[in-house]
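**Q** Following this line is start-v9.cif, made up of mmCIF, C-alpha atoms and all ligand atoms:
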```cif
data_entry
#
loop_
_atom_site.group_PDB
_atom_site.id
_atom_site.type_symbol
_atom_site.label_atom_id
_atom_site.label_comp_id
_atom_site.auth_asym_id
_atom_site.auth_seq_id
_atom_site.Cartn_x
_atom_site.Cartn_y
_atom_site.Cartn_z
ATOM 1 C CA MET A 280 0.000 0.000 0.000
ATOM 2 C CA GLY A 281 1.484 3.346 -1.040
ATOM 3 C CA PHE A 282 2.108 5.998 1.589
ATOM 4 C CA VAL A 283 -0.113 9.087 1.935
ATOM 5 C CA ASP A 284 1.566 12.333 3.033
ATOM 6 C CA LEU A 285 -0.805 14.551 5.023
ATOM 7 C CA HIS A 286 1.625 17.400 5.709
ATOM 8 C CA ASN A 287 3.833 19.053 3.098
ATOM 9 C CA HIS A 288 4.324 22.354 1.314
ATOM 10 C CA LEU A 289 4.522 20.980 -2.187
ATOM 11 C CA LEU A 290 2.423 23.681 -3.899
ATOM 12 C CA TYR A 291 4.842 26.288 -5.193
ATOM 13 C CA GLY A 292 4.823 30.034 -4.700
ATOM 14 C CA ILE A 293 2.072 30.433 -2.108
ATOM 15 C CA ASP A 294 3.831 29.970 1.250
ATOM 16 C CA ASP A 295 7.296 29.117 2.609
ATOM 17 C CA GLY A 296 7.365 25.780 0.753
ATOM 18 C CA CYS A 297 8.451 25.014 -2.802
ATOM 19 C CA ASP A 298 9.148 28.200 -4.724
ATOM 20 C CA SER A 299 8.863 27.134 -8.374
ATOM 21 C CA PRO A 300 7.189 24.484 -10.546
ATOM 22 C CA GLY A 301 10.617 22.849 -10.845
ATOM 23 C CA GLU A 302 10.933 22.508 -7.075
ATOM 24 C CA THR A 303 7.400 21.126 -6.832
ATOM 25 C CA LEU A 304 8.264 18.488 -9.439
ATOM 26 C CA GLU A 305 11.481 17.595 -7.625
ATOM 27 C CA ALA A 306 9.612 17.291 -4.315
ATOM 28 C CA ALA A 307 6.871 15.173 -5.888
ATOM 29 C CA ARG A 308 9.446 12.851 -7.486
ATOM 30 C CA LEU A 309 11.165 12.518 -4.113
ATOM 31 C CA LEU A 310 7.883 11.565 -2.430
ATOM 32 C CA VAL A 311 7.190 8.914 -5.075
ATOM 33 C CA GLU A 312 10.719 7.514 -4.669
ATOM 34 C CA LEU A 313 10.126 7.288 -0.928
ATOM 35 C CA GLY A 314 6.979 5.225 -1.474
ATOM 36 C CA TYR A 315 4.205 7.830 -1.529
ATOM 37 C CA ALA A 316 1.231 7.388 -3.846
ATOM 38 C CA GLU A 317 -0.901 10.242 -2.500
ATOM 39 C CA ALA A 318 -0.307 13.597 -0.840
ATOM 40 C CA ALA A 319 -2.449 16.283 0.732
ATOM 41 C CA PRO A 320 -0.377 19.449 0.351
ATOM 42 C CA SER A 321 -0.960 21.663 3.403
ATOM 43 C CA PRO A 322 -0.292 25.337 2.624
ATOM 44 C CA HIS A 323 -0.300 27.615 5.666
ATOM 45 C CA ALA A 324 -3.797 29.046 6.259
ATOM 46 C CA ILE A 325 -2.371 32.413 7.274
ATOM 47 C CA ALA A 326 -3.959 35.685 6.091
ATOM 48 C CA GLU A 327 -0.572 37.346 5.401
ATOM 49 C CA LEU A 328 0.388 34.712 2.804
ATOM 50 C CA PRO A 329 -1.209 33.946 -0.597
ATOM 51 C CA SER A 330 -2.003 30.512 0.886
ATOM 52 C CA GLY A 331 -4.399 32.266 3.287
ATOM 53 C CA ASP A 332 -6.880 32.308 0.406
ATOM 54 C CA PRO A 333 -8.463 28.866 -0.127
ATOM 55 C CA ALA A 334 -9.282 29.700 -3.766
ATOM 56 C CA VAL A 335 -5.594 30.384 -4.481
ATOM 57 C CA CYS A 336 -4.636 27.026 -2.927
ATOM 58 C CA GLU A 337 -7.294 25.109 -4.830
ATOM 59 C CA ALA A 338 -6.268 26.693 -8.133
ATOM 60 C CA ARG A 339 -2.608 25.865 -7.478
ATOM 61 C CA ARG A 340 -3.478 22.302 -6.478
ATOM 62 C CA ALA A 341 -5.372 21.779 -9.756
ATOM 63 C CA GLU A 342 -2.477 23.312 -11.681
ATOM 64 C CA VAL A 343 0.085 21.084 -9.943
ATOM 65 C CA ALA A 344 -2.091 17.983 -10.393
ATOM 66 C CA ALA A 345 -2.133 18.693 -14.146
ATOM 67 C CA LEU A 346 1.636 19.266 -14.110
ATOM 68 C CA LEU A 347 2.247 15.936 -12.339
ATOM 69 C CA ALA A 348 -0.015 14.140 -14.818
ATOM 70 C CA ARG A 349 1.856 15.723 -17.729
ATOM 71 C CA GLU A 350 5.208 14.640 -16.278
ATOM 72 C CA GLY A 351 3.934 11.129 -15.512
ATOM 73 C CA ILE A 352 4.463 11.437 -11.748
ATOM 74 C CA PRO A 353 1.994 9.089 -10.006
ATOM 75 C CA LEU A 354 1.067 11.189 -6.968
ATOM 76 C CA ALA A 355 -2.626 11.963 -6.326
ATOM 77 C CA LEU A 356 -3.316 15.269 -4.548
ATOM 78 C CA HIS A 357 -6.016 15.906 -1.934
ATOM 79 C CA PRO A 358 -7.242 19.209 -0.425
ATOM 80 C CA ASN A 359 -5.669 20.251 2.870
ATOM 81 C CA ALA A 360 -4.231 23.209 4.792
ATOM 82 C CA GLU A 361 -2.069 23.759 7.847
ATOM 83 C CA ASN A 362 -4.286 25.699 10.244
ATOM 84 C CA ARG A 363 -3.100 27.735 13.192
ATOM 85 C CA LEU A 364 -4.787 26.891 16.459
ATOM 86 C CA ASP A 365 -6.564 30.226 16.920
ATOM 87 C CA GLU A 366 -10.019 31.778 17.050
ATOM 88 C CA ALA A 367 -9.989 32.375 13.272
ATOM 89 C CA PHE A 368 -9.645 28.617 12.776
ATOM 90 C CA LEU A 369 -12.517 27.894 15.165
ATOM 91 C CA GLU A 370 -14.722 30.418 13.359
ATOM 92 C CA ARG A 371 -13.776 28.920 9.984
ATOM 93 C CA LEU A 372 -15.101 25.548 11.120
ATOM 94 C CA ASP A 373 -18.638 27.000 11.172
ATOM 95 C CA GLY A 374 -18.507 28.009 7.495
ATOM 96 C CA PRO A 375 -18.015 26.260 4.154
ATOM 97 C CA ALA A 376 -14.250 26.980 3.937
ATOM 98 C CA ARG A 377 -13.177 24.757 6.801
ATOM 99 C CA ARG A 378 -9.864 23.992 5.230
ATOM 100 C CA GLY A 379 -9.926 20.412 6.439
ATOM 101 C CA ILE A 380 -8.424 17.319 4.846
ATOM 102 C CA GLY A 381 -9.840 15.589 1.755
ATOM 103 C CA ALA A 382 -13.359 15.802 0.405
ATOM 104 C CA THR A 383 -14.907 14.802 3.730
ATOM 105 C CA GLN A 384 -13.303 17.626 5.795
ATOM 106 C CA ARG A 385 -13.855 15.550 8.919
ATOM 107 C CA TRP A 386 -10.214 15.912 9.960
ATOM 108 C CA ALA A 387 -8.238 19.161 9.989
ATOM 109 C CA LEU A 388 -4.477 19.617 10.291
ATOM 110 C CA VAL A 389 -3.781 22.073 13.113
ATOM 111 C CA GLU A 390 -0.527 23.431 14.466
ATOM 112 C CA ALA A 391 -0.023 24.626 18.024
ATOM 113 C CA PRO A 392 2.530 27.434 18.532
ATOM 114 C CA PHE A 393 6.159 26.289 18.704
ATOM 115 C CA GLN A 394 7.191 28.489 21.621
ATOM 116 C CA LEU A 395 3.976 29.497 23.394
ATOM 117 C CA GLU A 396 2.152 27.469 25.986
ATOM 118 C CA VAL A 397 -1.535 26.757 25.325
ATOM 119 C CA PRO A 398 -3.115 26.304 28.757
ATOM 120 C CA ALA A 399 -6.600 25.984 27.207
ATOM 121 C CA LEU A 400 -5.597 23.193 24.826
ATOM 122 C CA ALA A 401 -8.042 20.608 26.201
ATOM 123 C CA ASP A 402 -10.915 23.090 25.931
ATOM 124 C CA LEU A 403 -9.913 23.934 22.337
ATOM 125 C CA VAL A 404 -9.913 20.250 21.348
ATOM 126 C CA PHE A 405 -13.354 19.910 22.912
ATOM 127 C CA ARG A 406 -14.683 22.955 21.009
ATOM 128 C CA ILE A 407 -13.257 21.721 17.687
ATOM 129 C CA ARG A 408 -14.823 18.289 18.206
ATOM 130 C CA ARG A 409 -18.200 19.867 18.981
ATOM 131 C CA LYS A 410 -18.099 21.430 15.533
ATOM 132 C CA GLY A 411 -17.885 17.964 14.004
ATOM 133 C CA VAL A 412 -14.173 18.167 13.200
ATOM 134 C CA SER A 413 -11.339 16.061 14.586
ATOM 135 C CA PRO A 414 -8.016 17.875 14.970
ATOM 136 C CA LEU A 415 -4.836 16.243 13.705
ATOM 137 C CA PHE A 416 -2.026 18.057 15.522
ATOM 138 C CA ALA A 417 0.986 18.747 13.342
ATOM 139 C CA HIS A 418 4.393 17.933 14.823
ATOM 140 C CA PRO A 419 3.537 18.080 18.565
ATOM 141 C CA GLU A 420 7.163 17.107 19.239
ATOM 142 C CA ARG A 421 8.121 20.642 18.089
ATOM 143 C CA CYS A 422 5.567 22.468 20.276
ATOM 144 C CA VAL A 423 6.370 23.508 23.826
ATOM 145 C CA GLU A 424 2.836 22.808 25.056
ATOM 146 C CA PHE A 425 3.319 19.110 24.359
ATOM 147 C CA GLU A 426 6.365 19.043 26.651
ATOM 148 C CA ARG A 427 3.887 19.297 29.514
ATOM 149 C CA ALA A 428 3.611 15.877 31.156
ATOM 150 C CA GLY A 429 0.477 14.022 30.093
ATOM 151 C CA ARG A 430 -0.589 16.622 27.516
ATOM 152 C CA ALA A 431 -0.223 14.378 24.456
ATOM 153 C CA GLU A 432 -2.148 11.555 26.135
ATOM 154 C CA GLU A 433 -4.916 13.982 27.095
ATOM 155 C CA VAL A 434 -5.323 15.302 23.539
ATOM 156 C CA VAL A 435 -5.587 11.757 22.189
ATOM 157 C CA ARG A 436 -8.079 10.834 24.914
ATOM 158 C CA LEU A 437 -10.241 13.815 23.913
ATOM 159 C CA GLY A 438 -10.417 12.633 20.313
ATOM 160 C CA GLY A 439 -7.513 14.550 18.792
ATOM 161 C CA ALA A 440 -4.726 12.791 16.895
ATOM 162 C CA LEU A 441 -0.997 13.450 16.677
ATOM 163 C CA GLN A 442 1.152 13.697 13.529
ATOM 164 C CA LEU A 443 4.870 12.971 13.724
ATOM 165 C CA ASN A 444 7.265 14.840 11.445
ATOM 166 C CA VAL A 445 9.330 12.012 9.938
ATOM 167 C CA GLY A 446 12.587 13.962 10.316
ATOM 168 C CA ALA A 447 12.130 14.509 14.052
ATOM 169 C CA LEU A 448 13.385 11.005 14.861
ATOM 170 C CA VAL A 449 16.726 11.736 13.221
ATOM 171 C CA GLY A 450 17.214 15.129 14.831
ATOM 172 C CA ALA A 451 16.060 17.393 11.975
ATOM 173 C CA TYR A 452 14.417 19.721 14.536
ATOM 174 C CA GLY A 453 16.865 19.402 17.419
ATOM 175 C CA LYS A 454 17.339 17.254 20.482
ATOM 176 C CA THR A 455 14.193 18.133 22.416
ATOM 177 C CA ALA A 456 11.942 17.359 19.455
ATOM 178 C CA ARG A 457 13.810 14.111 18.892
ATOM 179 C CA LYS A 458 13.370 12.996 22.493
ATOM 180 C CA LEU A 459 9.683 13.878 22.555
ATOM 181 C CA ALA A 460 9.165 12.084 19.233
ATOM 182 C CA GLU A 461 10.843 8.944 20.585
ATOM 183 C CA HIS A 462 8.701 9.116 23.709
ATOM 184 C CA PHE A 463 5.402 9.641 21.840
ATOM 185 C CA LEU A 464 6.221 6.942 19.292
ATOM 186 C CA GLY A 465 7.220 4.499 22.002
ATOM 187 C CA ASP A 466 3.950 5.143 23.849
ATOM 188 C CA GLY A 467 1.897 4.600 20.689
ATOM 189 C CA LEU A 468 0.544 8.159 20.730
ATOM 190 C CA TYR A 469 1.120 9.029 17.081
ATOM 191 C CA ALA A 470 -1.633 8.238 14.585
ATOM 192 C CA VAL A 471 0.121 9.613 11.511
ATOM 193 C CA ALA A 472 3.638 10.377 10.276
ATOM 194 C CA ALA A 473 4.184 12.976 7.550
ATOM 195 C CA THR A 474 7.070 14.709 5.815
ATOM 196 C CA ASP A 475 6.354 18.451 6.401
ATOM 197 C CA LEU A 476 8.455 18.766 3.250
ATOM 198 C CA HIS A 477 9.244 22.374 2.313
ATOM 199 C CA ALA A 478 12.245 22.261 -0.035
ATOM 200 C CA PRO A 479 13.174 18.989 -1.742
ATOM 201 C CA ARG A 480 16.938 19.424 -1.857
ATOM 202 C CA SER A 481 17.564 19.484 1.867
ATOM 203 C CA ALA A 482 14.926 16.876 2.694
ATOM 204 C CA ARG A 483 15.959 13.638 1.010
ATOM 205 C CA ARG A 484 18.420 12.504 3.655
ATOM 206 C CA PHE A 485 16.299 13.180 6.737
ATOM 207 C CA LEU A 486 13.183 11.691 5.141
ATOM 208 C CA GLU A 487 14.966 8.489 4.085
ATOM 209 C CA ASP A 488 16.614 8.151 7.482
ATOM 210 C CA GLY A 489 13.442 9.164 9.326
ATOM 211 C CA LEU A 490 11.286 6.556 7.586
ATOM 212 C CA ALA A 491 13.947 3.942 8.349
ATOM 213 C CA ALA A 492 13.936 5.056 11.999
ATOM 214 C CA ILE A 493 10.151 4.639 12.229
ATOM 215 C CA GLU A 494 10.411 1.140 10.794
ATOM 216 C CA LYS A 495 13.204 0.253 13.211
ATOM 217 C CA ARG A 496 11.213 1.436 16.231
ATOM 218 C CA ALA A 497 7.638 0.544 15.217
ATOM 219 C CA GLY A 498 8.210 -2.323 12.780
ATOM 220 C CA SER A 499 6.918 -2.531 9.230
ATOM 221 C CA ALA A 500 3.311 -2.798 10.481
ATOM 222 C CA GLY A 501 3.816 0.407 12.491
ATOM 223 C CA LEU A 502 5.280 2.178 9.480
ATOM 224 C CA GLN A 503 2.301 1.118 7.362
ATOM 225 C CA ARG A 504 -0.158 2.257 10.021
ATOM 226 C CA LEU A 505 1.461 5.708 10.394
ATOM 227 C CA CYS A 506 2.286 6.422 6.746
ATOM 228 C CA ALA A 507 -0.416 4.580 4.796
ATOM 229 C CA GLU A 508 -3.354 3.139 6.706
ATOM 230 C CA ASN A 509 -4.257 6.011 9.037
ATOM 231 C CA PRO A 510 -3.528 8.820 6.565
ATOM 232 C CA ARG A 511 -5.828 7.065 4.112
ATOM 233 C CA ARG A 512 -8.521 6.875 6.809
ATOM 234 C CA VAL A 513 -8.090 10.599 7.535
ATOM 235 C CA VAL A 514 -8.614 11.474 3.873
ATOM 236 C CA ALA A 515 -11.723 9.236 3.817
ATOM 237 C CA GLY A 516 -13.056 10.840 7.033
ATOM 238 C CA GLU A 517 -12.925 7.611 9.013
ATOM 239 C CA GLU A 518 -11.931 6.640 12.546
ATOM 240 C CA LEU A 519 -8.250 5.789 13.015
ATOM 241 C CA ALA A 520 -6.592 2.461 13.714
HETATM 242 FE FE FE B 601 3.995 22.532 7.800
#
```
Rewrite the structure of this file - the entire thing - as structure tokens.
**A**
Amino acid sequence: MGFVDLHNHLLYGIDDGCDSPGETLEAARLLVELGYAEAAPSPHAIAELPSGDPAVCEARRAEVAALLAREGIPLALHPNAENRLDEAFLERLDGPARRGIGATQRWALVEAPFQLEVPALADLVFRIRRKGVSPLFAHPERCVEFERAGRAEEVVRLGGALQLNVGALVGAYGKTARKLAEHFLGDGLYAVAATDLHAPRSARRFLEDGLAAIEKRAGSAGLQRLCAENPRRVVAGEELA
């Protein structure tokens, strides 16, 4: 079963990810080489960037899908966005432009701040769930709030899910992130692993090594669950394994 990448910045020229069609093609080829068959590019849903406009992202996704087809790169693209955990996101969930994952929009990729604590995190998860959306937290191992003892377990208990950045296990984001990632993976807290790929050139090594590290720690069944089975369920709007 091919992998499904739920977090990457493959769409060029709209956020801090790929900056040209050439880079997008290089990144897409890299994903396919690594075993990916599908991807849900997740441009930052931030008003200050072009990617803050869902119409811009959708147009670029269609354009890139056509480009991949023309180049014969077998990577299917699904709708997605990387949402900040803020009031604007919560308000968005009430309207048509939820910016969730896939056609179902049942799951949404959300990032907590890297450096700021979020004392109300449990309440926020509860409020998101009440709106009929399940939050998939991007790279909790990089967010200071998840250093709080028991926080990751609590989020999962409340119906949230956690997404590991593949490179975290090989130190791509520093020692603290690596340790937290090892801890969360060991405790079975991650539901999904994703690349968070921005620029293809610098990513090949840490993605190859990171995927190997997941397999070493979680076995091939664990790798399949994190990179293929659960991401596919997220896109389909299903419960996770
Ligand atoms: Fe990201």
**Q** Just say which residues the PyMOL selection byres (((chain A and resi 450-455) around 9) and not hetatm) picks in this file, as a list in words.
**A**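 For this structure, the PyMOL selection byres (((chain A and resi 450-455) around 9) and not hetatm) captures Glu420, Arg421, Glu426, Val445, Gly446, Ala447, Leu448, Val449, Ala456, Arg457, Lys458, Leu459, Ala460, Phe485 and Gly489 of chain A.
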**Q** Work out where the centre of an axis-aligned box around every listed atom of segment 291-302 of chain A lies and how long its edges are once 6 Å is added on each side; give both in Å to one decimal as AutoDock Vina command-line options.
**A**
```
--center_x 6.5 --center_y 26.5 --center_z -4.1 --size_x 20.9 --size_y 19.9 --size_z 25.5
```
**Q** Residue by residue, what does the PyMOL selection byres (((chain A and resi 324-332) around 12) and not hetatm) grab here? Present the result as a ChimeraX atom specification.
**A** /A:288-296,320-323,333-340,359-365,367-368,371,376-379,387-390
**Q** Tell me which of A:Ala341, A:Cys506, A:Leu519, A:Phe416 sits closest to Ile493 of chain A, counting all atoms listed in the file.
**A** A:Cys506
**Q** Under the rule that all atoms listed in the file are counted, which of A:Glu494, A:Glu432, A:Asp475, A:Glu518 is the nearest residue to ligand FE 601 (chain B)?
**A**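 For ligand FE 601 (chain B), the nearest of the candidates is A:Asp475.
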**Q** Counting all atoms listed in the file, I want the residues whose atoms come within 8 Å of (-4.5, 8.5, 2.1) in the file frame, returned as JSON, numbers by chain.
**A** {"A": [282, 283, 284, 285, 317, 318, 507, 508, 509, 510, 511, 512, 513, 514, 515]}
**Q** Just checking: using all atoms listed in the file, which residue out of A:Ala497, A:Ala316, A:Leu304, A:Leu443 ends up closest to ligand FE 601 (chain B)?
**A**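 Comparing A:Ala497, A:Ala316, A:Leu304, A:Leu443 against ligand FE 601 (chain B), the winner is A:Leu443.
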**Q** Go through A:Ile407, A:Val343, A:Ala355, A:Leu486 and flag the residue nearest Leu372 of chain A, using only C-alpha atoms for the distances.
**A** A:Ile407
**Q** To one decimal place, how far is atom CA of Leu356 of chain A from atom CA of Ser499 of chain A in Å?
**A**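 Going from atom CA of Leu356 of chain A over to atom CA of Ser499 of chain A covers 24.7 Å.
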**Q** Of the residues A:Arg349, A:Arg484, A:Arg430, A:His477, which is the one nearest to ligand FE 601 (chain B), using only C-alpha atoms and all ligand atoms?
**A**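 The closest residue to ligand FE 601 (chain B) is A:His477.
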**Q** Tell me, in Å to one decimal, how far atom CA of Leu464 of chain A is from atom CA of Ser481 of chain A.
**A** 24.3 Å
